[in-house]
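So this block is input-v4.txt, compact mmCIF, C-alpha atoms:
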# COMPACT_ATOMS: atom_id res chain seq x y z
CA MET B 50 -2.06 12.82 -14.46
CA ASN B 51 -1.43 9.28 -13.28
CA ASP B 52 -2.61 8.03 -9.90
CA ILE B 53 0.52 5.99 -9.16
CA ALA B 54 4.02 5.98 -10.60
CA VAL B 55 6.02 2.85 -9.82
CA ILE B 56 9.75 3.68 -9.82
CA ILE B 57 12.26 0.82 -10.14
CA VAL B 58 16.06 1.06 -10.34
CA ASN B 59 17.88 -1.68 -12.22
CA TYR B 60 21.39 -2.88 -11.56
CA LYS B 61 21.99 -6.25 -13.22
CA MET B 62 18.49 -7.52 -12.38
CA LYS B 63 16.75 -7.66 -15.75
CA ASP B 64 15.14 -11.06 -15.14
CA GLU B 65 13.86 -10.04 -11.71
CA ILE B 66 12.35 -6.88 -13.19
CA ARG B 67 10.61 -8.90 -15.88
CA GLY B 68 8.97 -11.00 -13.16
CA LEU B 69 8.09 -7.91 -11.17
CA LEU B 70 6.46 -6.19 -14.15
CA LEU B 71 4.46 -9.30 -15.01
CA SER B 72 3.11 -9.44 -11.47
CA LEU B 73 2.43 -5.68 -11.48
CA LYS B 74 0.49 -6.05 -14.71
CA SER B 75 -1.59 -8.82 -13.17
CA ASP B 76 -2.18 -6.74 -10.03
CA SER B 77 -3.49 -3.84 -12.16
CA ILE B 78 -6.17 -5.88 -13.98
CA GLY B 79 -9.58 -4.42 -13.17
CA SER B 80 -8.09 -1.60 -11.12
CA ILE B 81 -9.53 1.90 -11.38
CA VAL B 82 -6.18 3.60 -10.71
CA LYS B 83 -3.92 4.76 -13.54
CA VAL B 84 -0.39 3.40 -13.16
CA GLN B 85 2.85 4.36 -14.89
CA ALA B 86 5.91 2.17 -14.40
CA VAL B 87 9.35 3.76 -14.73
CA ILE B 88 12.66 1.88 -15.01
CA VAL B 89 15.87 3.78 -14.28
CA ASP B 90 18.59 1.56 -15.70
CA ASN B 91 22.04 1.71 -14.11
CA THR B 92 23.25 -1.11 -16.42
CA PRO B 93 21.79 -0.36 -19.89
CA GLU B 94 24.17 -2.82 -21.55
CA GLU B 95 22.24 -5.65 -19.93
CA GLY B 96 19.48 -5.60 -22.57
CA MET B 97 16.72 -3.99 -20.53
CA ARG B 98 15.52 -1.76 -23.38
CA LEU B 99 14.95 -4.72 -25.72
CA MET B 100 13.12 -6.70 -23.03
CA LEU B 101 10.83 -3.77 -22.26
CA THR B 102 10.15 -3.02 -25.94
CA LYS B 103 9.09 -6.62 -26.53
CA ASN B 104 7.08 -7.19 -23.38
CA PHE B 105 6.22 -3.90 -21.68
CA PRO B 106 6.13 -1.08 -24.24
CA ASP B 107 4.20 1.24 -21.91
CA VAL B 108 6.98 1.31 -19.32
CA LYS B 109 9.00 4.52 -19.25
CA TYR B 110 12.68 3.67 -19.73
CA LEU B 111 15.50 5.93 -18.49
CA PRO B 112 18.98 4.49 -19.23
CA GLN B 113 21.99 5.94 -17.40
CA ASP B 114 25.62 6.08 -18.48
CA ASN B 115 26.88 4.43 -15.29
CA ASN B 116 25.81 3.09 -11.92
CA LEU B 117 24.45 6.07 -10.01
CA GLY B 118 23.50 4.12 -6.90
CA PHE B 119 19.99 3.76 -5.50
CA GLY B 120 18.94 7.18 -4.25
CA LYS B 121 20.26 9.26 -7.15
CA ALA B 122 18.75 6.90 -9.72
CA GLN B 123 15.44 6.84 -7.86
CA ASN B 124 15.40 10.64 -7.88
CA ILE B 125 15.74 10.64 -11.67
CA GLY B 126 12.69 8.39 -11.89
CA LEU B 127 10.72 10.40 -9.34
CA LYS B 128 11.39 13.64 -11.23
CA SER B 129 10.41 12.13 -14.59
CA VAL B 130 6.67 11.83 -13.98
CA GLU B 131 3.87 13.77 -12.30
CA THR B 132 1.54 11.62 -10.23
CA LYS B 133 -0.55 11.59 -7.08
CA TYR B 134 1.46 8.81 -5.43
CA TYR B 135 4.91 7.35 -5.97
CA PHE B 136 5.65 3.68 -5.30
CA ILE B 137 9.39 3.17 -4.81
CA LEU B 138 10.15 -0.51 -5.48
CA ASN B 139 13.12 -2.85 -5.53
CA PRO B 140 13.51 -5.19 -8.53
CA ASP B 141 13.27 -8.31 -6.32
CA VAL B 142 9.64 -7.63 -5.29
CA ILE B 143 6.63 -9.61 -6.54
CA PHE B 144 2.94 -8.69 -6.36
CA PRO B 145 0.95 -11.71 -5.05
CA ASN B 146 -1.91 -12.90 -7.23
CA GLY B 147 -5.31 -11.43 -6.49
CA GLU B 148 -4.21 -9.05 -3.71
CA ARG B 149 -4.92 -5.77 -5.59
CA VAL B 150 -1.93 -4.20 -3.85
CA LEU B 151 -1.82 -0.96 -5.85
CA GLN B 152 -5.54 -0.34 -5.55
CA ARG B 153 -5.53 -0.97 -1.81
CA LEU B 154 -2.49 1.20 -1.10
CA TYR B 155 -4.12 3.98 -3.08
CA GLU B 156 -7.36 3.61 -1.12
CA PHE B 157 -5.49 3.46 2.19
CA MET B 158 -3.75 6.78 1.53
CA GLU B 159 -6.84 8.45 0.07
CA ALA B 160 -8.73 7.67 3.28
CA ARG B 161 -5.91 9.05 5.46
CA PRO B 162 -4.77 12.39 3.97
CA LYS B 163 -2.46 13.21 6.88
CA ILE B 164 -0.18 10.18 6.27
CA GLY B 165 2.81 10.97 4.09
CA LEU B 166 4.42 7.59 3.56
CA CYS B 167 3.41 3.97 4.03
CA ALA B 168 4.60 0.48 3.13
CA PRO B 169 2.95 -2.92 2.89
CA LYS B 170 3.99 -5.95 4.91
CA LEU B 171 6.87 -7.75 3.19
CA LEU B 172 7.02 -11.54 3.10
CA ASN B 173 9.89 -13.82 2.22
CA ILE B 174 9.44 -16.18 -0.72
CA ASP B 175 8.41 -18.94 1.73
CA SER B 176 5.67 -16.55 3.02
CA SER B 177 7.41 -16.00 6.37
CA LEU B 178 7.48 -12.51 7.83
CA GLN B 179 10.24 -10.14 6.76
CA PHE B 180 11.13 -7.48 9.31
CA SER B 181 10.82 -4.38 7.16
CA CYS B 182 10.07 -1.64 9.70
CA SER B 183 12.50 -0.46 12.35
CA ARG B 184 13.15 2.08 15.03
CA PHE B 185 15.76 4.73 14.31
CA PRO B 186 19.23 3.24 14.86
CA SER B 187 21.75 4.00 17.55
CA PHE B 188 25.36 4.57 16.53
CA TRP B 189 26.41 1.07 17.57
CA MET B 190 23.59 -0.88 15.94
CA PRO B 191 25.51 -1.92 12.76
CA PHE B 192 28.32 -3.22 14.99
CA PHE B 193 25.84 -5.21 17.07
CA ARG B 194 24.30 -6.76 13.95
CA ARG B 195 27.60 -7.54 12.20
CA SER B 196 29.95 -8.64 14.95
CA PHE B 197 30.28 -10.77 18.08
CA LEU B 198 29.09 -7.75 20.08
CA GLY B 199 25.55 -8.64 19.08
CA LYS B 200 25.69 -12.06 20.69
CA SER B 201 25.31 -10.88 24.28
CA PRO B 202 21.76 -11.07 25.74
CA ARG B 203 21.75 -7.32 26.34
CA ASN B 204 22.65 -6.44 22.76
CA GLN B 205 20.39 -9.15 21.37
CA ALA B 206 17.55 -7.35 23.14
CA LYS B 207 18.65 -4.06 21.55
CA ILE B 208 18.67 -5.65 18.09
CA LYS B 209 15.22 -7.13 18.69
CA LYS B 210 13.89 -3.72 19.71
CA TYR B 211 15.55 -2.02 16.73
CA LEU B 212 13.95 -4.48 14.27
CA MET B 213 10.59 -4.09 16.05
CA LYS B 214 10.35 -7.79 16.86
CA ASP B 215 8.46 -6.80 20.00
CA PHE B 216 5.12 -6.69 18.17
CA ASP B 217 3.45 -9.33 16.02
CA HIS B 218 3.28 -7.24 12.81
CA ASN B 219 -0.45 -7.85 12.58
CA SER B 220 -1.51 -4.27 13.16
CA THR B 221 -1.28 -1.11 11.08
CA ARG B 222 0.72 1.44 13.02
CA PRO B 223 3.11 4.41 12.77
CA VAL B 224 6.79 3.41 12.71
CA ASP B 225 10.09 5.26 12.69
CA TRP B 226 11.25 4.04 9.30
CA LEU B 227 10.53 1.53 6.56
CA MET B 228 12.79 -0.50 4.30
CA GLY B 229 13.23 1.19 0.92
CA SER B 230 12.24 -1.96 -0.94
CA ALA B 231 8.63 -0.77 -1.09
CA LEU B 232 7.72 2.80 -0.13
CA PHE B 233 4.38 4.33 -1.11
CA ALA B 234 4.68 8.13 -0.90
CA ARG B 235 2.13 10.90 -1.24
CA GLY B 236 3.28 13.17 -4.04
CA THR B 237 2.49 16.44 -2.26
CA ALA B 238 4.35 15.27 0.85
CA LEU B 239 7.37 14.13 -1.15
CA LYS B 240 7.60 17.52 -2.86
CA GLN B 241 7.56 19.21 0.54
CA VAL B 242 10.03 16.85 2.23
CA GLY B 243 12.37 16.44 -0.74
CA LEU B 244 13.69 13.41 -2.57
CA PHE B 245 16.39 10.98 -1.50
CA ASP B 246 19.59 12.49 -0.14
CA GLU B 247 22.09 11.73 -2.91
CA ARG B 248 25.04 11.71 -0.53
CA TYR B 249 24.12 8.09 0.17
CA PHE B 250 25.17 5.88 -2.73
CA MET B 251 23.15 3.02 -1.25
CA TYR B 252 21.79 2.13 2.23
CA PHE B 253 20.32 4.44 4.88
CA GLU B 254 18.72 6.73 2.30
CA ASP B 255 15.36 5.14 3.24
CA CYS B 256 15.92 5.72 6.97
CA ASP B 257 16.96 9.30 6.24
CA LEU B 258 13.89 9.94 4.06
CA CYS B 259 11.49 8.59 6.70
CA ARG B 260 13.12 10.76 9.35
CA ARG B 261 12.61 13.82 7.17
CA PHE B 262 8.96 12.87 6.66
CA TRP B 263 8.46 12.75 10.43
CA ASN B 264 10.27 16.06 10.88
CA ALA B 265 7.92 17.63 8.33
CA HIS B 266 4.91 16.25 10.29
CA TRP B 267 4.05 13.62 7.72
CA PRO B 268 3.56 10.31 9.60
CA VAL B 269 5.07 7.06 8.32
CA TYR B 270 2.93 3.92 8.54
CA TYR B 271 3.38 0.15 8.33
CA VAL B 272 0.27 -1.45 6.72
CA TYR B 273 0.03 -5.06 7.88
CA ASP B 274 -2.84 -6.37 5.73
CA ILE B 275 -1.41 -5.37 2.32
CA LYS B 276 1.39 -7.74 1.36
CA LEU B 277 4.24 -8.06 -1.14
CA MET B 278 6.75 -10.84 -1.67
CA HIS B 279 10.39 -9.78 -1.40
CA ARG B 280 13.48 -11.88 -2.07
CA HIS B 281 15.63 -9.37 -0.10
CA ILE B 282 19.07 -10.13 -1.51
CA GLN B 283 21.26 -8.78 1.31
CA GLY B 284 24.40 -8.10 -0.64
CA SER B 285 26.24 -6.45 2.24
CA ALA B 286 25.71 -9.53 4.44
CA LYS B 287 27.14 -12.16 2.08
CA VAL B 288 30.46 -12.27 3.96
CA THR B 289 30.15 -12.89 7.70
CA GLY B 290 32.25 -11.17 10.34
CA PHE B 291 32.62 -7.38 10.53
CA PHE B 292 36.31 -7.00 9.60
CA LYS B 293 36.36 -9.89 7.12
CA SER B 294 33.31 -8.45 5.39
CA MET B 295 34.85 -4.97 5.34
CA ILE B 296 37.89 -6.35 3.51
CA LYS B 297 36.20 -8.76 1.09
CA ASN B 298 32.76 -7.25 0.39
CA PRO B 299 32.56 -3.77 -1.20
CA LEU B 300 28.87 -3.55 -0.32
CA THR B 301 29.76 -3.79 3.35
CA ARG B 302 32.07 -0.81 2.94
CA ILE B 303 29.31 1.13 1.18
CA HIS B 304 26.91 0.21 3.99
CA ILE B 305 29.31 1.43 6.69
CA ILE B 306 30.08 4.65 4.81
CA SER B 307 26.36 5.38 4.49
CA TRP B 308 25.83 4.59 8.16
CA LEU B 309 28.55 7.08 9.14
CA LYS B 310 27.06 9.73 6.83
CA TYR B 311 23.65 9.15 8.37
CA MET B 312 24.99 9.36 11.93
CA TRP B 313 26.90 12.56 11.16
CA LYS B 314 23.88 14.15 9.50
CA TRP B 315 21.61 13.35 12.45
CA ARG B 316 24.19 13.79 15.21
CA GLY B 317 22.77 15.16 18.42
CA ILE B 318 19.29 13.86 17.60
CA SER B 319 18.13 11.24 20.11
CA THR B 320 16.77 7.91 18.80
Mind turning this structure into structure tokens?
Amino acid sequence: MNDIAVIIVNYKMKDEIRGLLLSLKSDSIGSIVKVQAVIVDNTPEEGMRLMLTKNFPDVKYLPQDNNLGFGKAQNIGLKSVETKYYFILNPDVIFPNGERVLQRLYEFMEARPKIGLCAPKLLNIDSSLQFSCSRFPSFWMPFFRRSFLGKSPRNQAKIKKYLMKDFDHNSTRPVDWLMGSALFARGTALKQVGLFDERYFMYFEDCDLCRRFWNAHWPVYYVYDIKLMHRHIQGSAKVTGFFKSMIKNPLTRIHIISWLKYMWKWRGIST
């Protein structure tokens, strides 16, 4: 059995995945852990199979007939391999040179058997901090972040608290939830908690999963001293203004639909 399975979902990001796999390969040099990379391809016509055959023949390739969304495609990858740990990754992530990210995440979890899920610190391409851990959202939080409602000092403070900007991100600590761009999950815990809720096509499936980990008494941790680079292409934020974005950007509509599904699922649960 492998030590780590790295699960990546592709949707029109072949070049980004090539860069990710190159950096993953470099990160694994000299490592004692056995790693299996898995690509679930939501756009097989893009030429992913040929690129993998030429450059990364050991990667497990799972083409799909259509775009299944993030959570459902991730679940296909998660079910396809038995391993001790699963590393759920976005295509726009890069392993920094010489950081031994996989080895260190493995060692972190091995030393702390009660932790179910963790994530490294994410950095923007310019090495600035990316806010990748958050508190569980209130119903109004997407409105605050997308509209003029968030401009008031009171709501600005709520946004800051939600994004956990009230600590310096230089300590390892338990957090409510972690961005799904890089989630390192204990296999036994994931089997107990369950995979991604496939009712979410995209967005909020990571928040939902972390909440279920906490409910099953598997803590979720932010690990500050293990780092990944993340481009974080915020597709749902490309059009500014709540109503304008709702009309012109389909990803905004998907985001809002997922938010409403999340809020309905967890209704009556205090944040």
Find the residues around Asn116 (chain B) up to 9 Å (all atoms listed in the file counted), leave out those fewer than 5 positions away in its own chain, and share them as a tab-separated table (two decimals) with C-alpha atoms, in the frame of the given file.
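Wrote it out as around-v9.tsv, contents follow:
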chain	number	residue	atom	x	y	z
B	60	TYR	CA	21.39	-2.88	-11.56
B	90	ASP	CA	18.59	1.56	-15.70
B	91	ASN	CA	22.04	1.71	-14.11
B	92	THR	CA	23.25	-1.11	-16.42
B	122	ALA	CA	18.75	6.90	-9.72
Problem - Pick from B:Leu178, B:Lys133, B:Arg203, B:Gly126 nearest to Tyr110 (chain B), counting all atoms listed in the file - result: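 Ranking B:Leu178, B:Lys133, B:Arg203, B:Gly126 by distance to Tyr110 (chain B), first place goes to B:Gly126.
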Exercise for the section: Rank B:Phe188, B:Tyr273, B:Phe245, B:Phe250 by their smallest atom-to-atom distance to Ile125 (chain B), using all atoms listed in the file, and report the top residue only. Expected result: B:Phe245
Exercise for the section: Write out as a PyMOL selection string each polymer residue whose atoms come within 8 Å of region 97-108 of chain B, counting all atoms listed in the file; drop sequence neighbours fewer than 2 positions from it. Expected result: chain B and resi 63+67+70+85-88+90+93-95+110
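The spacing separating CA of Ser72 (chain B) from CA of Tyr135 (chain B) amounts to 17.8 Å.
When all atoms listed in the file are used to compute distances to Leu151 (chain B), the closest of the residues B:Ser77, B:Thr132, B:Ser201, B:Ser183 turns out to be B:Ser77.
For Lys163 (chain B), the set of protein, DNA and RNA residues having any atom at most 12 Å away, when counting all atoms listed in the file and skipping those fewer than 3 positions along the same chain, is B:Phe157, B:Met158, B:Glu159, B:Ala160, B:Leu166, B:Cys167, B:Pro223, B:Ala234, B:Arg235, B:Thr237, B:Ala238, B:Phe262, B:Trp263, B:Ala265, B:His266, B:Trp267, B:Pro268, B:Val269, B:Tyr270.
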So that I have them on file, write out the residues from the current selection with C-alpha atoms, as a PDB file, in the coordinates of the input.
ATOM      1  CA  PHE B 157      -5.490   3.460   2.190  1.00  0.00           C
ATOM      2  CA  MET B 158      -3.750   6.780   1.530  1.00  0.00           C
ATOM      3  CA  GLU B 159      -6.840   8.450   0.070  1.00  0.00           C
ATOM      4  CA  ALA B 160      -8.730   7.670   3.280  1.00  0.00           C
ATOM      5  CA  LEU B 166       4.420   7.590   3.560  1.00  0.00           C
ATOM      6  CA  CYS B 167       3.410   3.970   4.030  1.00  0.00           C
ATOM      7  CA  PRO B 223       3.110   4.410  12.770  1.00  0.00           C
ATOM      8  CA  ALA B 234       4.680   8.130  -0.900  1.00  0.00           C
ATOM      9  CA  ARG B 235       2.130  10.900  -1.240  1.00  0.00           C
ATOM     10  CA  THR B 237       2.490  16.440  -2.260  1.00  0.00           C
ATOM     11  CA  ALA B 238       4.350  15.270   0.850  1.00  0.00           C
ATOM     12  CA  PHE B 262       8.960  12.870   6.660  1.00  0.00           C
ATOM     13  CA  TRP B 263       8.460  12.750  10.430  1.00  0.00           C
ATOM     14  CA  ALA B 265       7.920  17.630   8.330  1.00  0.00           C
ATOM     15  CA  HIS B 266       4.910  16.250  10.290  1.00  0.00           C
ATOM     16  CA  TRP B 267       4.050  13.620   7.720  1.00  0.00           C
ATOM     17  CA  PRO B 268       3.560  10.310   9.600  1.00  0.00           C
ATOM     18  CA  VAL B 269       5.070   7.060   8.320  1.00  0.00           C
ATOM     19  CA  TYR B 270       2.930   3.920   8.540  1.00  0.00           C
TER      20      TYR B 270
END
Practice task
Might you pull out every residue within 9 Å of Asp257 (chain B), with all atoms listed in the file counted and same-chain residues fewer than 3 positions away left off, and present them as a PyMOL selection string?
Solution key: chain B and resi 226+245-246+253-254+260-262+311+315
Any chance you can output those residues with C-alpha atoms as a short mmCIF file (atom, residue, chain, number, x, y, z; two decimals), keeping the file's coordinate frame?
data_model
loop_
_atom_site.label_atom_id
_atom_site.label_comp_id
_atom_site.auth_asym_id
_atom_site.auth_seq_id
_atom_site.Cartn_x
_atom_site.Cartn_y
_atom_site.Cartn_z
CA TRP B 226 11.25 4.04 9.30
CA PHE B 245 16.39 10.98 -1.50
CA ASP B 246 19.59 12.49 -0.14
CA PHE B 253 20.32 4.44 4.88
CA GLU B 254 18.72 6.73 2.30
CA ARG B 260 13.12 10.76 9.35
CA ARG B 261 12.61 13.82 7.17
CA PHE B 262 8.96 12.87 6.66
CA TYR B 311 23.65 9.15 8.37
CA TRP B 315 21.61 13.35 12.45
#
Exercise for the section: Give me the residues within 10 Å of region 184-186 of chain B as a ChimeraX atom specification, counting all atoms listed in the file and dropping any in the same chain fewer than 6 places off. Expected result: /B:207-208,210-213,224-227,256-257,259-260,308,311-312,319-320
Practice task
Take CA of Phe233 (chain B) and CA of Ala54 (chain B) and report the distance between them in Å, one decimal.
Solution key: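 Going from CA of Phe233 (chain B) over to CA of Ala54 (chain B) covers 9.6 Å.
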Problem - Selected residue of minimal separation from Lys83 (chain B) among B:Tyr155, B:Asp114, B:Ile306, B:Lys61, counting all atoms listed in the file - result: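 Counting all atoms listed in the file, the residue closest to Lys83 (chain B) is B:Tyr155.
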Fill in the blank from the handout: Using only C-alpha atoms, the shortest atom-to-atom distance to Leu154 (chain B) among B:Leu258, B:Met251, B:Met278, B:Ala231 belongs to B:Ala231
Exercise for the section: For each of B:Met228, B:Leu71, B:Ile56, B:Ile137, take the minimum atom-to-atom distance to His281 (chain B), counting all atoms listed in the file, then give the residue where this is smallest. Expected result: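 Once distances to His281 (chain B) are computed over all atoms listed in the file, the minimum belongs to B:Met228.
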